[in-house]
$ cat structure02.cif   # mmCIF, C-alpha atoms
data_protein
#
loop_
_atom_site.label_atom_id
_atom_site.label_comp_id
_atom_site.auth_asym_id
_atom_site.auth_seq_id
_atom_site.Cartn_x
_atom_site.Cartn_y
_atom_site.Cartn_z
CA MET A 1329 -33.26 131.54 187.03
CA SER A 1330 -36.04 132.31 189.53
CA VAL A 1331 -37.88 135.64 189.63
CA PHE A 1332 -36.26 136.40 192.99
CA ALA A 1333 -32.75 135.68 191.67
CA SER A 1334 -33.42 137.90 188.67
CA MET A 1335 -34.66 140.72 190.91
CA TYR A 1336 -31.64 140.35 193.21
CA GLY A 1337 -29.28 140.52 190.24
CA ALA A 1338 -31.00 143.63 188.91
CA MET A 1339 -30.84 145.35 192.30
CA SER A 1340 -27.16 144.46 192.68
CA THR A 1341 -26.38 145.93 189.26
CA LEU A 1342 -28.36 149.06 190.13
CA ARG A 1343 -26.40 149.52 193.37
CA GLN A 1344 -23.11 149.18 191.50
CA ARG A 1345 -24.20 151.70 188.87
CA VAL A 1346 -25.23 154.20 191.57
CA ALA A 1347 -21.87 153.71 193.29
CA GLU A 1348 -20.08 154.28 189.98
CA VAL A 1349 -21.97 157.56 189.44
CA LEU A 1350 -21.00 158.69 192.95
CA ARG A 1351 -17.41 157.67 192.26
CA THR A 1352 -17.12 159.58 188.97
CA THR A 1353 -18.79 162.69 190.42
CA ARG A 1354 -16.46 162.64 193.46
CA LEU A 1355 -19.43 162.22 195.82
CA LEU A 1356 -18.55 158.77 197.09
CA THR A 1357 -16.47 160.01 200.04
CA PRO A 1358 -19.07 162.52 201.36
CA VAL A 1359 -21.80 159.89 201.05
CA ASP A 1360 -19.56 157.46 202.92
CA ARG A 1361 -19.42 159.85 205.90
CA LEU A 1362 -23.22 159.88 206.00
CA ARG A 1363 -23.21 156.08 205.95
CA LEU A 1364 -21.06 156.10 209.08
CA VAL A 1365 -23.70 158.11 210.94
CA VAL A 1366 -26.43 155.75 209.76
CA ALA A 1367 -24.35 152.71 210.76
CA LEU A 1368 -23.76 154.11 214.26
CA VAL A 1369 -27.47 154.63 214.83
CA ALA A 1370 -28.40 151.21 213.42
CA SER A 1371 -25.89 149.30 215.55
CA ARG A 1372 -26.21 151.27 218.79
CA ARG A 1373 -28.40 148.81 220.71
CA GLU A 1374 -26.50 145.71 219.57
CA ASN A 1375 -23.17 147.36 220.42
CA ARG A 1376 -24.32 148.24 223.92
CA ARG A 1377 -25.20 144.59 224.55
CA PHE A 1378 -21.84 143.41 223.22
CA LEU A 1379 -19.82 145.87 225.31
CA ALA A 1380 -21.80 145.00 228.44
CA GLY A 1381 -20.87 141.36 227.92
CA HIS A 1382 -17.20 142.07 227.03
CA PRO A 1383 -16.10 144.85 229.40
CA ASP A 1384 -12.39 144.00 229.00
CA PHE A 1385 -12.42 143.96 225.19
CA PRO A 1386 -11.35 147.39 223.88
CA VAL A 1387 -12.98 148.42 220.61
CA PRO A 1388 -11.56 151.02 218.23
CA PRO A 1389 -13.05 154.46 217.61
CA PRO A 1390 -16.03 154.07 215.26
CA ALA A 1391 -14.50 156.21 212.50
CA LEU A 1392 -11.40 153.97 212.40
CA ALA A 1393 -13.50 150.82 212.32
CA PHE A 1394 -15.80 152.11 209.59
CA ASP A 1395 -12.86 153.27 207.49
CA ALA A 1396 -11.35 149.78 207.68
CA TYR A 1397 -14.39 147.49 207.67
CA HIS A 1398 -17.38 149.53 206.44
CA HIS A 1399 -19.28 148.73 209.63
CA VAL A 1400 -19.23 149.51 213.36
CA ARG A 1401 -20.73 146.27 214.67
CA TRP A 1402 -18.50 145.20 217.57
CA ARG A 1403 -19.69 141.60 217.68
CA GLU A 1404 -18.79 141.19 214.01
CA TYR A 1405 -15.43 142.90 214.63
CA HIS A 1406 -14.79 140.39 217.42
CA ASP A 1407 -16.13 137.22 215.78
CA SER A 1408 -14.71 137.77 212.30
CA GLY A 1409 -11.35 138.69 213.82
CA MET A 1410 -11.28 135.39 215.70
CA ALA A 1411 -12.32 133.42 212.60
CA HIS A 1412 -9.69 135.02 210.40
CA ALA A 1413 -7.00 134.57 213.06
CA ARG A 1414 -7.94 130.88 213.10
CA LEU A 1415 -7.57 130.79 209.31
CA VAL A 1416 -4.08 132.29 209.52
CA ALA A 1417 -3.09 129.98 212.37
CA ASP A 1418 -4.33 126.84 210.58
CA LEU A 1419 -2.42 127.71 207.41
CA VAL A 1420 0.72 128.55 209.39
CA ARG A 1421 0.57 125.15 211.10
CA GLN A 1422 0.26 123.42 207.74
CA HIS A 1423 3.00 125.26 205.85
CA VAL A 1424 5.52 126.82 208.23
CA ALA A 1425 7.97 124.87 210.37
CA GLY A 1426 9.95 126.17 213.31
CA ASN A 1427 9.28 127.52 216.75
CA PRO A 1428 9.21 130.35 217.67
CA LEU A 1429 7.95 132.20 214.61
CA ARG A 1430 8.13 135.85 213.60
CA ILE A 1431 4.83 136.87 212.00
CA CYS A 1432 3.83 140.23 210.53
CA GLU A 1433 0.42 141.52 209.52
CA TRP A 1434 0.60 144.12 206.77
CA GLY A 1435 -2.50 146.33 206.75
CA CYS A 1436 -3.55 145.55 210.31
CA GLY A 1437 -6.06 148.40 210.62
CA PRO A 1438 -7.44 148.65 214.17
CA GLY A 1439 -6.14 145.21 215.13
CA ARG A 1440 -9.16 143.08 214.26
CA VAL A 1441 -7.19 139.90 213.43
CA ILE A 1442 -3.77 140.13 215.04
CA ARG A 1443 -5.17 140.69 218.54
CA HIS A 1444 -6.45 137.07 218.42
CA LEU A 1445 -3.50 135.44 216.66
CA ARG A 1446 -1.40 134.48 219.67
CA THR A 1447 -4.37 132.60 221.15
CA ALA A 1448 -5.22 131.00 217.80
CA LEU A 1449 -1.68 129.64 217.45
CA GLY A 1450 -1.88 127.98 220.86
CA ASP A 1451 1.44 126.50 221.95
CA ARG A 1452 3.45 127.85 219.01
CA GLY A 1453 5.89 130.49 220.21
CA VAL A 1454 5.44 133.70 218.26
CA GLU A 1455 6.68 137.27 217.96
CA LEU A 1456 4.03 139.49 216.43
CA PHE A 1457 4.53 142.60 214.31
CA ALA A 1458 2.09 144.72 212.34
CA ALA A 1459 2.10 147.68 209.99
CA ASP A 1460 -0.54 149.98 208.53
CA ALA A 1461 -0.68 153.17 206.49
CA ASN A 1462 -3.24 154.71 208.86
CA ALA A 1463 -1.23 156.37 211.64
CA ALA A 1464 -4.35 156.74 213.82
CA SER A 1465 -4.96 152.98 213.69
CA ILE A 1466 -1.35 152.30 214.67
CA ALA A 1467 -1.61 154.75 217.58
CA TRP A 1468 -4.81 153.08 218.85
CA CYS A 1469 -3.31 149.59 218.53
CA ARG A 1470 -0.16 150.60 220.40
CA GLU A 1471 -2.24 151.93 223.28
CA HIS A 1472 -4.70 149.02 223.57
CA LEU A 1473 -3.03 145.85 222.22
CA PRO A 1474 0.15 145.04 224.17
CA ASP A 1475 2.90 142.57 223.21
CA ILE A 1476 2.65 143.38 219.50
CA ASP A 1477 5.11 145.65 217.68
CA PHE A 1478 2.96 148.09 215.65
CA ARG A 1479 4.64 150.36 213.11
CA PRO A 1480 3.33 152.86 210.53
CA ASN A 1481 4.14 152.47 206.85
CA GLN A 1482 3.60 154.75 203.87
CA GLN A 1483 1.28 154.15 200.92
CA ASP A 1484 4.26 152.96 198.87
CA PRO A 1485 7.03 150.55 199.92
CA PRO A 1486 9.20 149.94 201.85
CA LEU A 1487 7.87 148.39 205.03
CA PRO A 1488 9.60 149.57 208.24
CA PHE A 1489 11.42 146.26 208.73
CA GLN A 1490 14.79 144.87 207.75
CA ALA A 1491 15.25 142.28 205.02
CA GLU A 1492 14.46 138.63 205.82
CA ALA A 1493 12.79 139.60 209.10
CA PHE A 1494 9.76 137.25 209.08
CA ASP A 1495 8.71 133.65 208.69
CA VAL A 1496 5.18 134.71 207.73
CA LEU A 1497 3.58 137.89 206.42
CA TYR A 1498 -0.17 137.99 205.97
CA ALA A 1499 -2.49 140.62 204.53
CA ILE A 1500 -6.26 140.35 204.88
CA SER A 1501 -8.10 142.47 202.29
CA VAL A 1502 -5.17 144.73 201.44
CA PHE A 1503 -4.48 143.94 197.79
CA THR A 1504 -8.24 144.38 197.37
CA HIS A 1505 -7.72 148.15 197.69
CA LEU A 1506 -4.57 148.77 195.62
CA SER A 1507 -3.75 149.84 192.07
CA ALA A 1508 -2.08 147.55 189.54
CA ARG A 1509 1.26 149.31 190.02
CA SER A 1510 1.05 148.90 193.79
CA HIS A 1511 0.29 145.19 193.49
CA GLU A 1512 3.64 144.48 191.86
CA GLN A 1513 5.64 146.83 194.09
CA TRP A 1514 4.18 145.49 197.31
CA MET A 1515 4.58 141.84 196.40
CA ALA A 1516 8.27 142.45 195.74
CA GLU A 1517 8.53 144.24 199.10
CA ILE A 1518 6.81 141.38 200.91
CA PHE A 1519 9.36 138.91 199.59
CA ARG A 1520 12.14 141.28 200.67
CA VAL A 1521 11.08 141.04 204.32
CA LEU A 1522 10.43 137.28 204.25
CA ARG A 1523 13.14 134.84 205.22
CA PRO A 1524 14.16 132.15 202.69
CA GLY A 1525 11.33 129.62 202.75
CA GLY A 1526 8.97 132.10 204.42
CA VAL A 1527 5.37 132.37 203.25
CA VAL A 1528 2.98 135.14 202.33
CA LEU A 1529 -0.73 134.69 203.00
CA PHE A 1530 -3.15 137.17 201.45
CA THR A 1531 -6.74 137.55 200.25
CA THR A 1532 -8.25 138.78 196.99
CA HIS A 1533 -11.63 139.54 195.48
CA GLY A 1534 -12.04 136.37 193.40
CA ASP A 1535 -14.88 134.62 191.60
CA ALA A 1536 -17.19 134.76 194.64
CA CYS A 1537 -17.10 138.56 194.39
CA ALA A 1538 -17.42 138.81 190.59
CA ASP A 1539 -21.19 139.37 190.78
CA ARG A 1540 -20.41 142.89 192.04
CA LEU A 1541 -18.88 143.82 188.67
CA LEU A 1542 -20.63 145.78 185.95
CA PRO A 1543 -20.88 144.10 182.52
CA GLY A 1544 -17.80 145.76 181.04
CA GLU A 1545 -15.77 145.04 184.17
CA LEU A 1546 -16.93 141.44 184.21
CA LYS A 1547 -15.78 140.98 180.63
CA ARG A 1548 -12.29 142.19 181.56
CA TYR A 1549 -12.28 140.04 184.69
CA ARG A 1550 -13.20 136.93 182.70
CA ALA A 1551 -10.37 137.77 180.29
CA GLY A 1552 -7.95 137.52 183.21
CA GLU A 1553 -7.43 141.25 183.79
CA LEU A 1554 -7.13 142.93 187.17
CA VAL A 1555 -10.17 145.22 187.54
CA VAL A 1556 -9.64 148.38 189.59
CA ARG A 1557 -12.22 150.97 190.64
CA GLY A 1558 -10.35 154.12 191.58
CA GLN A 1559 -11.10 157.85 191.59
CA VAL A 1560 -10.84 157.89 195.39
CA ARG A 1561 -7.83 157.63 197.73
CA GLU A 1562 -5.86 154.47 197.02
CA GLY A 1563 -5.91 152.12 199.98
CA SER A 1564 -9.33 153.30 201.18
CA LYS A 1565 -12.23 150.84 201.27
CA CYS A 1566 -13.88 152.62 198.32
CA PHE A 1567 -10.83 151.97 196.12
CA VAL A 1568 -11.50 148.38 195.06
CA ALA A 1569 -9.64 145.76 193.02
CA TYR A 1570 -10.93 142.42 191.70
CA HIS A 1571 -8.52 139.57 190.98
CA PRO A 1572 -9.11 136.76 188.48
CA PRO A 1573 -7.28 133.68 189.77
CA ASN A 1574 -5.23 133.52 186.54
CA TYR A 1575 -3.97 137.06 187.20
CA VAL A 1576 -2.85 136.10 190.70
CA ARG A 1577 -1.08 132.93 189.55
CA GLU A 1578 0.45 134.17 186.32
CA LYS A 1579 1.32 137.78 187.14
CA LEU A 1580 1.16 138.70 190.82
CA LEU A 1581 2.80 135.43 191.88
CA ALA A 1582 4.82 134.83 188.72
CA ASP A 1583 8.05 134.55 190.74
CA ALA A 1584 6.50 132.50 193.53
CA GLN A 1585 5.29 128.99 194.20
CA VAL A 1586 1.60 128.83 195.06
CA LEU A 1587 1.08 126.53 198.04
CA VAL A 1588 -2.63 127.08 198.62
CA HIS A 1589 -5.58 128.67 196.86
CA LEU A 1590 -8.81 128.57 198.85
CA PRO A 1591 -11.76 130.12 196.98
CA SER A 1592 -13.80 132.01 199.61
CA PRO A 1593 -13.59 129.46 202.48
CA ALA A 1594 -16.91 129.89 204.27
CA ALA A 1595 -15.76 127.82 207.26
CA TYR A 1596 -13.62 130.81 208.25
CA GLN A 1597 -16.27 133.48 207.50
CA MET A 1598 -14.17 134.49 204.49
CA SER A 1599 -15.83 135.66 201.26
CA GLN A 1600 -12.53 136.50 199.57
CA ASP A 1601 -10.06 134.06 198.01
CA VAL A 1602 -7.12 133.03 200.19
CA TRP A 1603 -3.63 132.50 198.76
CA VAL A 1604 -0.47 131.13 200.36
CA ALA A 1605 2.83 131.33 198.47
CA THR A 1606 6.57 131.16 198.90
CA LYS A 1607 9.28 132.63 196.71
CA LYS A 1608 10.80 130.30 194.13
CA THR A 1609 14.37 129.25 194.93
#
$ encode --input "structure02.cif" --output "structure tokens"
Amino acid sequence: MSVFASMYGAMSTLRQRVAEVLRTTRLLTPVDRLRLVVALVASRRENRRFLAGHPDFPVPPPALAFDAYHHVRWREYHDSGMAHARLVADLVRQHVAGNPLRICEWGCGPGRVIRHLRTALGDRGVELFAADANAASIAWCREHLPDIDFRPNQQDPPLPFQAEAFDVLYAISVFTHLSARSHEQWMAEIFRVLRPGGVVLFTTHGDACADRLLPGELKRYRAGELVVRGQVREGSKCFVAYHPPNYVREKLLADAQVLVHLPSPAAYQMSQDVWVATKKT
């Protein structure tokens, strides 16, 4: 290991230990508000350039964006949204037949991905739906992103849709912010709203994210345990879960058939693992 790699690892561990102290002393949320102010100042010039070049591209209120993505950089909001919509569209083409399709995004936030999905799917006919536990995000999406049915949901199931409503449900970085109990409840709810043969596509914090774990957490992760950092509001970006692939296959998707596991596909600007599954018949 080089000196630089060793120093980077030490700094990463130090950052995680500081975050853990803030978490246990209940200071993580107040510090997060300060980070929003710092992020706004740091990105102000870049954001002005982006908005000048994209006058017809509405961006969400900064507080909503920061709550969902931990940044307020509008070019990244735009570009990563397009890349992740392309990821969803490519996997849908590979694994879902039929036209038109009914697709739902669970945990849509301020519309980063779903606003690009119709374009990414090209000539596939599609009806788009989305749900999120943040009512303010849903209100903003309804006002600025037409032709998509946005609905609020609660922290716990059910989703506000009838059974067997969708061909596809996808969730980008949603399970990454849930407790162990919520993982099992929400996966059962997802399969309730999927049609027979429908697929779920979701992301997890897999091996590419394991370097963020403290030694004790890493030991549990390597033993195949779900690792959850709580002590803040569940579902918020500071409530974080890490998912060993064996946990996803053997527990979360125990009643499903795994169609795809893509470990952090960089071609789509995705650092998390991507899973596609269908319920066993």
$ residues_around --input "structure02.cif" --residues "region 1543-1557 of chain A" --least-positions-apart "6" --cutoff "7 Å" --atoms "only C-alpha atoms" --output "mmCIF file with C-alpha atoms, in the frame of the given file"
data_model
loop_
_atom_site.group_PDB
_atom_site.id
_atom_site.type_symbol
_atom_site.label_atom_id
_atom_site.label_comp_id
_atom_site.auth_asym_id
_atom_site.auth_seq_id
_atom_site.Cartn_x
_atom_site.Cartn_y
_atom_site.Cartn_z
ATOM 1 C CA SER A 1507 -3.750 149.840 192.070
ATOM 2 C CA PHE A 1567 -10.830 151.970 196.120
ATOM 3 C CA VAL A 1568 -11.500 148.380 195.060
ATOM 4 C CA ALA A 1569 -9.640 145.760 193.020
ATOM 5 C CA TYR A 1570 -10.930 142.420 191.700
ATOM 6 C CA HIS A 1571 -8.520 139.570 190.980
ATOM 7 C CA PRO A 1572 -9.110 136.760 188.480
ATOM 8 C CA ASN A 1574 -5.230 133.520 186.540
ATOM 9 C CA TYR A 1575 -3.970 137.060 187.200
#
$ residues_around --input "structure02.cif" --residues "region 1427-1438 of chain A" --least-positions-apart "6" --cutoff "6 Å" --atoms "only C-alpha atoms" --output "list of chain:residue names"
A:Gly1453, A:Val1454, A:Glu1455, A:Leu1456, A:Phe1457, A:Ala1458, A:Ala1459, A:Asp1460, A:Ser1465, A:Phe1494, A:Asp1495, A:Val1496, A:Leu1497, A:Tyr1498, A:Ala1499
$ closest_residue --input "structure02.cif" --among "A:Ser1501, A:Ser1371, A:Thr1606, A:Gln1600" --to "Arg1523 (chain A)" --atoms "only C-alpha atoms"
A:Thr1606
$ closest_residue --input "structure02.cif" --among "A:Pro1573, A:Gly1534, A:Pro1485, A:Gly1525" --to "Glu1512 (chain A)" --atoms "only C-alpha atoms"
A:Pro1485
$ closest_residue --input "structure02.cif" --among "A:Gly1526, A:Pro1591, A:Pro1488, A:Gly1426" --to "Ala1605 (chain A)" --atoms "all atoms listed in the file"
A:Gly1526
$ build_atoms --input "structure02.cif" --residues "region 1365-1391 of chain A" --atoms "N, CA, C and O atoms" --output "tab-separated table (two decimals), keeping the file's coordinate frame"
chain	number	residue	atom	x	y	z
A	1365	VAL	N	-22.68	157.66	209.98
A	1365	VAL	CA	-23.70	158.11	210.94
A	1365	VAL	C	-24.86	157.13	210.99
A	1365	VAL	O	-25.34	156.74	212.07
A	1366	VAL	N	-25.32	156.70	209.83
A	1366	VAL	CA	-26.43	155.75	209.76
A	1366	VAL	C	-26.04	154.44	210.43
A	1366	VAL	O	-26.82	153.83	211.18
A	1367	ALA	N	-24.81	153.97	210.18
A	1367	ALA	CA	-24.35	152.71	210.76
A	1367	ALA	C	-24.28	152.80	212.28
A	1367	ALA	O	-24.62	151.83	212.98
A	1368	LEU	N	-23.84	153.93	212.81
A	1368	LEU	CA	-23.76	154.11	214.26
A	1368	LEU	C	-25.14	154.02	214.91
A	1368	LEU	O	-25.32	153.37	215.94
A	1369	VAL	N	-26.11	154.65	214.29
A	1369	VAL	CA	-27.47	154.63	214.83
A	1369	VAL	C	-28.04	153.21	214.76
A	1369	VAL	O	-28.63	152.71	215.72
A	1370	ALA	N	-27.82	152.54	213.62
A	1370	ALA	CA	-28.40	151.21	213.42
A	1370	ALA	C	-27.82	150.17	214.37
A	1370	ALA	O	-28.52	149.22	214.76
A	1371	SER	N	-26.56	150.33	214.74
A	1371	SER	CA	-25.89	149.30	215.55
A	1371	SER	C	-25.81	149.67	217.03
A	1371	SER	O	-25.23	148.92	217.82
A	1372	ARG	N	-26.39	150.77	217.43
A	1372	ARG	CA	-26.21	151.27	218.79
A	1372	ARG	C	-26.67	150.28	219.84
A	1372	ARG	O	-25.95	149.97	220.80
A	1373	ARG	N	-27.86	149.72	219.70
A	1373	ARG	CA	-28.40	148.81	220.71
A	1373	ARG	C	-27.58	147.52	220.77
A	1373	ARG	O	-27.22	147.05	221.85
A	1374	GLU	N	-27.29	146.94	219.61
A	1374	GLU	CA	-26.50	145.71	219.57
A	1374	GLU	C	-25.11	145.93	220.17
A	1374	GLU	O	-24.60	145.07	220.90
A	1375	ASN	N	-24.50	147.08	219.88
A	1375	ASN	CA	-23.17	147.36	220.42
A	1375	ASN	C	-23.18	147.52	221.93
A	1375	ASN	O	-22.24	147.09	222.62
A	1376	ARG	N	-24.22	148.11	222.46
A	1376	ARG	CA	-24.32	148.24	223.92
A	1376	ARG	C	-24.36	146.87	224.58
A	1376	ARG	O	-23.72	146.64	225.62
A	1377	ARG	N	-25.12	145.95	224.00
A	1377	ARG	CA	-25.20	144.59	224.55
A	1377	ARG	C	-23.84	143.91	224.48
A	1377	ARG	O	-23.42	143.23	225.43
A	1378	PHE	N	-23.16	144.06	223.36
A	1378	PHE	CA	-21.84	143.41	223.22
A	1378	PHE	C	-20.86	143.96	224.25
A	1378	PHE	O	-20.15	143.20	224.92
A	1379	LEU	N	-20.78	145.26	224.38
A	1379	LEU	CA	-19.82	145.87	225.31
A	1379	LEU	C	-20.14	145.52	226.76
A	1379	LEU	O	-19.23	145.34	227.58
A	1380	ALA	N	-21.43	145.39	227.08
A	1380	ALA	CA	-21.80	145.00	228.44
A	1380	ALA	C	-21.32	143.58	228.74
A	1380	ALA	O	-20.95	143.26	229.88
A	1381	GLY	N	-21.31	142.72	227.73
A	1381	GLY	CA	-20.87	141.36	227.92
A	1381	GLY	C	-19.38	141.15	227.76
A	1381	GLY	O	-18.86	140.07	228.07
A	1382	HIS	N	-18.65	142.16	227.26
A	1382	HIS	CA	-17.20	142.07	227.03
A	1382	HIS	C	-16.53	143.34	227.55
A	1382	HIS	O	-15.94	144.10	226.80
A	1383	PRO	N	-16.61	143.57	228.86
A	1383	PRO	CA	-16.10	144.85	229.40
A	1383	PRO	C	-14.58	145.01	229.27
A	1383	PRO	O	-14.09	146.14	229.33
A	1384	ASP	N	-13.85	143.92	229.09
A	1384	ASP	CA	-12.39	144.00	229.00
A	1384	ASP	C	-11.90	143.90	227.56
A	1384	ASP	O	-10.70	143.68	227.33
A	1385	PHE	N	-12.79	144.06	226.61
A	1385	PHE	CA	-12.42	143.96	225.19
A	1385	PHE	C	-12.47	145.36	224.58
A	1385	PHE	O	-13.56	145.86	224.25
A	1386	PRO	N	-11.32	146.03	224.43
A	1386	PRO	CA	-11.35	147.39	223.88
A	1386	PRO	C	-11.72	147.38	222.40
A	1386	PRO	O	-11.25	146.53	221.63
A	1387	VAL	N	-12.58	148.29	222.02
A	1387	VAL	CA	-12.98	148.42	220.61
A	1387	VAL	C	-12.45	149.75	220.08
A	1387	VAL	O	-12.30	150.72	220.83
A	1388	PRO	N	-12.15	149.80	218.79
A	1388	PRO	CA	-11.56	151.02	218.23
A	1388	PRO	C	-12.58	152.14	218.09
A	1388	PRO	O	-13.80	151.90	218.15
A	1389	PRO	N	-12.13	153.36	217.90
A	1389	PRO	CA	-13.05	154.46	217.61
A	1389	PRO	C	-13.89	154.12	216.37
A	1389	PRO	O	-13.38	153.54	215.40
A	1390	PRO	N	-15.17	154.46	216.38
A	1390	PRO	CA	-16.03	154.07	215.26
A	1390	PRO	C	-15.52	154.52	213.90
A	1390	PRO	O	-15.63	153.77	212.92
A	1391	ALA	N	-14.97	155.72	213.80
A	1391	ALA	CA	-14.50	156.21	212.50
A	1391	ALA	C	-13.38	155.33	211.96
A	1391	ALA	O	-13.31	155.06	210.75
